[in-house]
Every structure is written in structure tokens, then in C-alpha cells.
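The block underneath contains the structure these notes are about, expressed in C-alpha cells.
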Amino acid sequence: MPFRFWRRFRLAPGVTLNLSKSTASLSFGPRGAKYTISPRGNRATFGIPGTGLFYTVRDPGAAGRRGASARAAPAADDRLTLGFFQRLVTPADEQGLVDGLRALHEGDHDRALGLLEGSARLADAAWMAGMLRLRFGDFSEARGHLQNALSRLSELGAHFERYGLDAEISLPITPEITAHIRPRERGTRLALVEVAQLEGRHDDALAHIERLMEVDPADPVVLLSFAELALDTPEDRALMDRVVRATAQVENETPVDTAILLYRGKALAALGLPDAAIDVFTLANRRRKDRPEALLLQIRYDRAVLYDHVGRKAEARREFERVYAEDPGLEDVAERLGILAH
């Protein structure tokens, strides 16, 4: 059974960067040790104190199985076990939450979902049920549970805290950037943004982002989510202007900054400012350490498109050739080089 080490880059409180492309995964467990359910398989994650490193024990065979037990599941945590006398004094909804989390811990996703939904009068149970529904692709149900949790912000996280659990969800913000969110307003609204985008409800997604930008305009993940969402409608010049203004102070200090600069450049190009966009793409491409290769390739491709647009044909050709050598299937690079017919 393989062990894999990776470094998590802290970007803001409660936010880390996952340098691999992945779909949403669900993690929970005491601080320093988490159990993650994802379409790629279940995995147990443990922190090494003082190093910033984590190691993961994977169970690829459990990928995508609803109701299957994880073959590599860690030993059940005593926090998720209610004794006989404790059950006598524990409210039924709280028992359902604890039993649901234990079922999730053991890999029985269907039973976990049933228990959590049966206890959805608790904000934490509704939040976790919403995240599970999101993972299963049940977007309408996910939205209902998450809105339920959002309506009771003062209660969110209280029961997880009571049992000493650190609930965390890995939620993709862009294809390369994943935010690790918790049961708070920020995490809940980011999940609702994901649901709204998947349902094609652009205005609802933007409304949640607007609220998060009011709460913390400097949050890099929220800014990235806003820019990525705005670029769904590049013809909206007012929105492109807002992206340019909101990202004006971003420097290329972190991988999230690099992703933000990609969308800043795209917004400038959409406004008919190709030279300014080229400058932004060049800035974004200067730092490569810890940056996802797919992100850097996209930046170089977009810059090459603009080189071609402004008549810098030799530079465009050279960049397209290098991009093609690394990823022949990216966008229309093969057609632009004449390798495949348009």
C-alpha cells in the first residue's frame, strides 16, 4: 500500500493549495489526522508535527463506491462512538449526526447520508449532508441542505467542536486550485457557488461571491473564484472592468496569485487591451516554483494567442510550438500550428 508525501501551501486561514488536479473530496477527523473520501479512492491523511508535511494512505479500489467499506480505513475514532448511557442523554438528532459521521468514516456513504439527512435540523448535519449530496451530483438537494446550514450560521461547527472533530472539504475553485473549507459562512458559500455553477445559475453564484467579497475583500480564494466566474461572460464589459479593478494589487507571490493573474489577463484581453494583457501573462509566467504545470501552460497559450493578435507572429509561433511540445491537446494549438486542419 503506497504512501505519498506532499506539501500543502498555506494561503490564508483555513486555505491550502493542492497542486494536483482533482475533483471534490471530503475529509474529516481530529486535527493532524483526517479521513478523505474522493472519487479517486478513500485515503487516510496524517500530519507530521512541525514539518508542514502530510502523508496519505490510499485505497484506490474504493473509488466511487457508494455504500462500500473502505479497505484501508483507519481505526474508528472513539469520538464517533456513543456509549449506552451517553445515548440516554444525547438528543436523537445529535445521535444521528454522530452515527452518520461514523458511517462516513467507515465508508458506508448511503447510510451516512440517510443519518445526516435525518438529523438535518442540526446545522452541522445539514452542512455535511449538503457536501455529500454535492459529491454525489445531487445538486438540488445539496443546495437545500447548504442553504439550511447557512441560515443558522451561529450554530455551524458547534457539534463538530463538541466532539473534537475538524470537518474539512476539498473543493476545486479552478481546475488547478483547490480550497480546503470548513463549516463556516465562507466555506458554505463557496460550496453554494460550486452548486450554482454546476446548475447553470450564474447570477446566484455571483451573489454568493459578492457577499464573500464584502466580508473579506482580500481573501485570495474568493477573489480567484470571482474572477473565474466573471470570465464565464467575457462580453460583459462592466464585469470585466470589475475584475481588472479588483485584481489591480495582486502580485505573483503565491500559486493562487498566479491563477488570479491568468484571469486578470483574460479580462484585459476581453476589454480590447492586448498589450496590457500580454504584460500580465508575462508577469504570471515568471514564477514557476510550486505552480501547477497546467496553469503555466494555459498562461503561455493565452499569451501566444495575443502575440498572434497584435502581429508578433514569430513570438506567437515559438510559444505555440513549445506549448504543443508539452501538451499537444491543449485548446487549438495543433490547429494553429497547421499540424491538424481547422
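So you can find residues: chains in the C-alpha cells are A, B, ... in the order shown, residues in each start at 1, and ligands are numbered from 1 in order.
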Non-local contacts of Met131 of chain A (9 Å; only C-alpha atoms; under 3 positions in same chain excluded) as a list of chain:residue names: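 Close residues of Met131 of chain A: A:Leu26, A:Ala126, A:Trp127, A:Met128, A:Leu134, A:Arg135, A:Phe136, A:Ala142, A:His145, A:Leu146, A:Ile169, A:Ala191.
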Selection near segment 149-159 of chain A, 8 Å with only C-alpha atoms, sequence-local residues under 5 positions removed, as a list in words: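 Within the cut-off, the hits are Leu122, Ala123, Asp124, Ala126, Trp127, Pro183, Arg184, Glu185, Thr188 and Arg189 of chain A.
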Within 12 Å of Gly114 of chain A using only C-alpha atoms, minus same-chain residues under 4 positions, as a ChimeraX atom specification: /A:67,96-97,99-101,103-104,108-110,118-120,125-126,128-130,132-133
The selected residues should be written to file as an mmCIF file, in the first residue's frame (atoms: N, CA, C and O atoms).
```
data_model
loop_
_atom_site.group_PDB
_atom_site.id
_atom_site.type_symbol
_atom_site.label_atom_id
_atom_site.label_comp_id
_atom_site.auth_asym_id
_atom_site.auth_seq_id
_atom_site.Cartn_x
_atom_site.Cartn_y
_atom_site.Cartn_z
ATOM 1 N N GLY A 67 -21.657 3.286 -0.493
ATOM 2 C CA GLY A 67 -22.067 2.192 0.360
ATOM 3 C C GLY A 67 -21.008 1.135 0.561
ATOM 4 O O GLY A 67 -21.228 0.154 1.243
ATOM 5 N N GLY A 96 -27.920 11.001 15.531
ATOM 6 C CA GLY A 96 -27.892 10.787 14.084
ATOM 7 C C GLY A 96 -26.666 11.403 13.443
ATOM 8 O O GLY A 96 -26.067 10.812 12.528
ATOM 9 N N LEU A 97 -26.265 12.594 13.893
ATOM 10 C CA LEU A 97 -25.057 13.234 13.368
ATOM 11 C C LEU A 97 -23.829 12.393 13.657
ATOM 12 O O LEU A 97 -23.019 12.117 12.759
ATOM 13 N N ASP A 99 -23.626 9.172 14.480
ATOM 14 C CA ASP A 99 -23.680 7.891 13.780
ATOM 15 C C ASP A 99 -23.438 8.078 12.284
ATOM 16 O O ASP A 99 -22.813 7.222 11.625
ATOM 17 N N GLY A 100 -23.916 9.190 11.729
ATOM 18 C CA GLY A 100 -23.686 9.470 10.321
ATOM 19 C C GLY A 100 -22.216 9.702 10.017
ATOM 20 O O GLY A 100 -21.684 9.210 9.015
ATOM 21 N N LEU A 101 -21.539 10.448 10.876
ATOM 22 C CA LEU A 101 -20.111 10.672 10.688
ATOM 23 C C LEU A 101 -19.329 9.375 10.838
ATOM 24 O O LEU A 101 -18.359 9.128 10.110
ATOM 25 N N ALA A 103 -20.498 6.361 10.133
ATOM 26 C CA ALA A 103 -20.751 5.598 8.913
ATOM 27 C C ALA A 103 -19.897 6.121 7.758
ATOM 28 O O ALA A 103 -19.361 5.354 6.966
ATOM 29 N N LEU A 104 -19.760 7.435 7.693
ATOM 30 C CA LEU A 104 -18.907 8.031 6.661
ATOM 31 C C LEU A 104 -17.464 7.617 6.862
ATOM 32 O O LEU A 104 -16.754 7.265 5.916
ATOM 33 N N ASP A 108 -19.451 3.772 4.580
ATOM 34 C CA ASP A 108 -20.833 3.449 4.222
ATOM 35 C C ASP A 108 -21.559 4.760 3.893
ATOM 36 O O ASP A 108 -22.266 5.331 4.712
ATOM 37 N N HIS A 109 -21.392 5.213 2.657
ATOM 38 C CA HIS A 109 -21.851 6.541 2.280
ATOM 39 C C HIS A 109 -23.369 6.673 2.283
ATOM 40 O O HIS A 109 -23.907 7.716 2.684
ATOM 41 N N ASP A 110 -24.057 5.660 1.811
ATOM 42 C CA ASP A 110 -25.518 5.738 1.756
ATOM 43 C C ASP A 110 -26.117 5.817 3.157
ATOM 44 O O ASP A 110 -27.036 6.603 3.413
ATOM 45 N N GLY A 118 -31.466 12.746 8.150
ATOM 46 C CA GLY A 118 -32.456 12.591 9.204
ATOM 47 C C GLY A 118 -32.207 13.503 10.392
ATOM 48 O O GLY A 118 -33.100 13.704 11.226
ATOM 49 N N SER A 119 -30.995 14.050 10.468
ATOM 50 C CA SER A 119 -30.632 14.949 11.573
ATOM 51 C C SER A 119 -30.393 16.369 11.080
ATOM 52 O O SER A 119 -29.732 17.160 11.756
ATOM 53 N N ALA A 120 -30.922 16.701 9.903
ATOM 54 C CA ALA A 120 -30.603 17.978 9.262
ATOM 55 C C ALA A 120 -31.149 19.191 10.001
ATOM 56 O O ALA A 120 -30.911 20.326 9.577
ATOM 57 N N ALA A 125 -25.116 18.773 10.661
ATOM 58 C CA ALA A 125 -25.612 17.625 9.887
ATOM 59 C C ALA A 125 -26.082 18.074 8.508
ATOM 60 O O ALA A 125 -25.818 17.415 7.497
ATOM 61 N N ALA A 126 -26.774 19.221 8.445
ATOM 62 C CA ALA A 126 -27.225 19.753 7.158
ATOM 63 C C ALA A 126 -26.039 20.093 6.274
ATOM 64 O O ALA A 126 -26.043 19.817 5.064
ATOM 65 N N MET A 128 -22.944 18.795 6.343
ATOM 66 C CA MET A 128 -22.282 17.590 5.863
ATOM 67 C C MET A 128 -23.142 16.851 4.834
ATOM 68 O O MET A 128 -22.628 16.331 3.839
ATOM 69 N N ALA A 129 -24.462 16.836 5.051
ATOM 70 C CA ALA A 129 -25.356 16.209 4.079
ATOM 71 C C ALA A 129 -25.287 16.946 2.746
ATOM 72 O O ALA A 129 -25.288 16.330 1.679
ATOM 73 N N GLY A 130 -25.211 18.275 2.805
ATOM 74 C CA GLY A 130 -25.091 19.055 1.582
ATOM 75 C C GLY A 130 -23.818 18.752 0.828
ATOM 76 O O GLY A 130 -23.811 18.642 -0.409
ATOM 77 N N LEU A 132 -22.102 15.936 0.959
ATOM 78 C CA LEU A 132 -22.220 14.604 0.382
ATOM 79 C C LEU A 132 -23.096 14.618 -0.869
ATOM 80 O O LEU A 132 -22.784 13.983 -1.880
ATOM 81 N N ARG A 133 -24.206 15.347 -0.820
ATOM 82 C CA ARG A 133 -25.075 15.454 -1.993
ATOM 83 C C ARG A 133 -24.328 16.108 -3.159
ATOM 84 O O ARG A 133 -24.502 15.718 -4.318
#
```
Nearest to Lys289 of chain A, chosen from A:Pro255, A:Gly107, A:Gly329, A:Gly164, with only C-alpha atoms counted in the distances: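 Result for the nearest residue to Lys289 of chain A: A:Pro255.
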Nearest to Met213 of chain A, chosen from A:Ala269, A:Ala341, A:Ala227, A:Ala167, with only C-alpha atoms counted in the distances: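 Distance minimum relative to Met213 of chain A lands on A:Ala227.
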DSSP helix (DSSP H, G or I) selection over segment 67-310 of chain A, as number ranges by chain: A: 78-80, 84-89, 92-105, 109-118, 123-136, 139-150, 153-155, 158-162, 185-198, 202-215, 220-230, 237-246, 255-270, 274-284, 293-309
Ser225 of chain A surroundings by only C-alpha atoms, 9 Å radius, close-in-sequence under 3 positions cut, as a VMD selection string: chain A and resid 173 to 174 190 193 209 220 to 222 228 to 230 260
Atom-to-atom span, atom CA of Pro234 of chain A and atom CA of Glu335 of chain A, Å: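 Value for the atom CA of Pro234 of chain A-atom CA of Glu335 of chain A distance: 23.4 Å.
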Shell around segment 243-250 of chain A at 12 Å using only C-alpha atoms, local window under 5 positions removed, as a PyMOL selection string: chain A and resi 210+213+217-220+222-231+233-234+236-238+255-271+273+276-277+280+283-284
Residues of segment 51-296 of chain A in strand (DSSP E), written as a PyMOL selection string: chain A and resi 53-59+168-172+178-181
Nearest residue to Arg317 of chain A from the set A:Arg121, A:Arg300, A:Arg186, A:Arg336 (distances using only C-alpha atoms): A:Arg336
Surrounding residues of Glu199 of chain A excluding itself and chain neighbours under 2 positions, 12 Å, only C-alpha atoms, as a ChimeraX atom specification: /A:134,137-143,192-197,201-205
How would the residues just chosen look if you wrote them out with C-alpha atoms as a short mmCIF file (atom, residue, chain, number, x, y, z; two decimals), in the first residue's frame?
```
data_model
loop_
_atom_site.label_atom_id
_atom_site.label_comp_id
_atom_site.auth_asym_id
_atom_site.auth_seq_id
_atom_site.Cartn_x
_atom_site.Cartn_y
_atom_site.Cartn_z
CA LEU A 134 -22.70 17.73 -3.90
CA GLY A 137 -24.05 15.13 -8.06
CA ASP A 138 -27.44 15.72 -6.43
CA PHE A 139 -27.24 19.47 -6.84
CA SER A 140 -30.79 20.50 -5.91
CA GLU A 141 -30.63 18.53 -2.65
CA ALA A 142 -27.14 19.85 -1.94
CA ARG A 143 -28.35 23.40 -2.39
CA LEU A 192 -23.05 27.08 -2.95
CA VAL A 193 -21.08 28.87 -5.68
CA GLU A 194 -19.96 25.46 -6.96
CA VAL A 195 -23.54 24.16 -6.89
CA ALA A 196 -24.88 27.23 -8.69
CA GLN A 197 -22.24 26.97 -11.41
CA ARG A 201 -27.31 29.63 -12.18
CA HIS A 202 -24.64 32.27 -12.84
CA ASP A 203 -26.42 35.13 -11.02
CA ASP A 204 -26.86 33.07 -7.85
CA ALA A 205 -23.19 32.08 -7.88
#
```
Shell of 8 Å around Asp275 of chain A, only C-alpha atoms, local chain residues under 4 positions omitted, as a ChimeraX atom specification: /A:279,306,310
Residues as selected, C-alpha atoms, written as a PDB file, in the first residue's frame, can you do that?
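Final output, saved to selection01.pdb:
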```pdb
ATOM      1  CA  ASP A 279       2.323  42.147 -19.734  1.00  0.00           C
ATOM      2  CA  LEU A 306      -2.338  37.655 -28.098  1.00  0.00           C
ATOM      3  CA  VAL A 310      -1.056  42.027 -32.283  1.00  0.00           C
TER       4      VAL A 310
END
```
Length of the atom CA of Ala325 of chain A to atom CA of Asp302 of chain A vector [Å]: 15.8 Å
Atom pair atom CA of Ser170 of chain A / atom CA of Asn285 of chain A: separation (Å): 26.2 Å
